[in-house]
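See below for the structure under consideration.
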Amino acid sequence: MSQTAEAERTTATSRKIYCANCKNCKLVPATVDDGSGYVLRVRCDAGKWRKRLGDEKLYKYFTVIRRSMDECDSYEPMGDEQEFLQDLKRSLPINDEVYE
């Protein structure tokens with residue numbers, strides 16, 4: 001195998017998958033502890049985000065851009081990854097917003 005082909009194979013296998021660009025990444029409301037409203041959370045509809053005890057893991061909406069995996073058999077891209085992630089970075093809030 002040539003060095004170019006080997007480099008391309010290594011790059012392809014070591015590339016991270018950003019969950020925010022996947023069709024299984026869903027935005028869901030989660031109630032606030034005092035019951036006065038809700039905040040936005042993100043979950044994996046394919047069930048890939050699990051805690052050690054098996055419960056589903058929810059991520060804060062404004063941190064979803066950082067969620068990535070090395071590989072995922074349920075990954076379904078929503079389009080051009082770089083363009084989508086850039087748009088998402090610009091539009092995400094910087095902290096939790098409580099909605100009523």
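Note on naming: chains are A, B, ... as they come in the structure tokens, residues start from 1 per chain, ligands start from 1 in the order shown.
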
ask   = Running DSSP on the backbone, which parts of segment 4-100 of chain A land in strand (DSSP E or B), as a PyMOL selection string?
value = chain A and resi 17-18+22+25-31+38-44+50+56+59-60+68-69+77+99

Give me the residues of segment 30-93 of chain A that have any atom at most 8 Å from an atom of segment 15-22 of chain A; for each, the nearest atom pair and the distance in Å, rounded to one decimal. Use only C-alpha atoms, sort by chain and number, and format it as a Markdown table.
```
| residue | atom | partner | partner_atom | distance |
| --- | --- | --- | --- | --- |
| A:Val64 | CA | A:Ala20 | CA | 6.0 |
| A:Ile65 | CA | A:Ala20 | CA | 5.9 |
| A:Arg66 | CA | A:Tyr18 | CA | 7.5 |
| A:Arg67 | CA | A:Cys19 | CA | 5.8 |
| A:Ser68 | CA | A:Tyr18 | CA | 4.3 |
| A:Met69 | CA | A:Ile17 | CA | 5.2 |
| A:Asp70 | CA | A:Lys16 | CA | 4.9 |
| A:Glu71 | CA | A:Ile17 | CA | 6.5 |
| A:Cys72 | CA | A:Ile17 | CA | 7.6 |
| A:Tyr75 | CA | A:Cys22 | CA | 5.8 |
| A:Glu76 | CA | A:Cys22 | CA | 5.1 |
| A:Pro77 | CA | A:Cys22 | CA | 4.7 |
| A:Met78 | CA | A:Asn21 | CA | 5.5 |
| A:Gly79 | CA | A:Asn21 | CA | 7.4 |
| A:Glu81 | CA | A:Asn21 | CA | 6.3 |
| A:Phe84 | CA | A:Asn21 | CA | 7.0 |
| A:Leu85 | CA | A:Asn21 | CA | 7.2 |
```
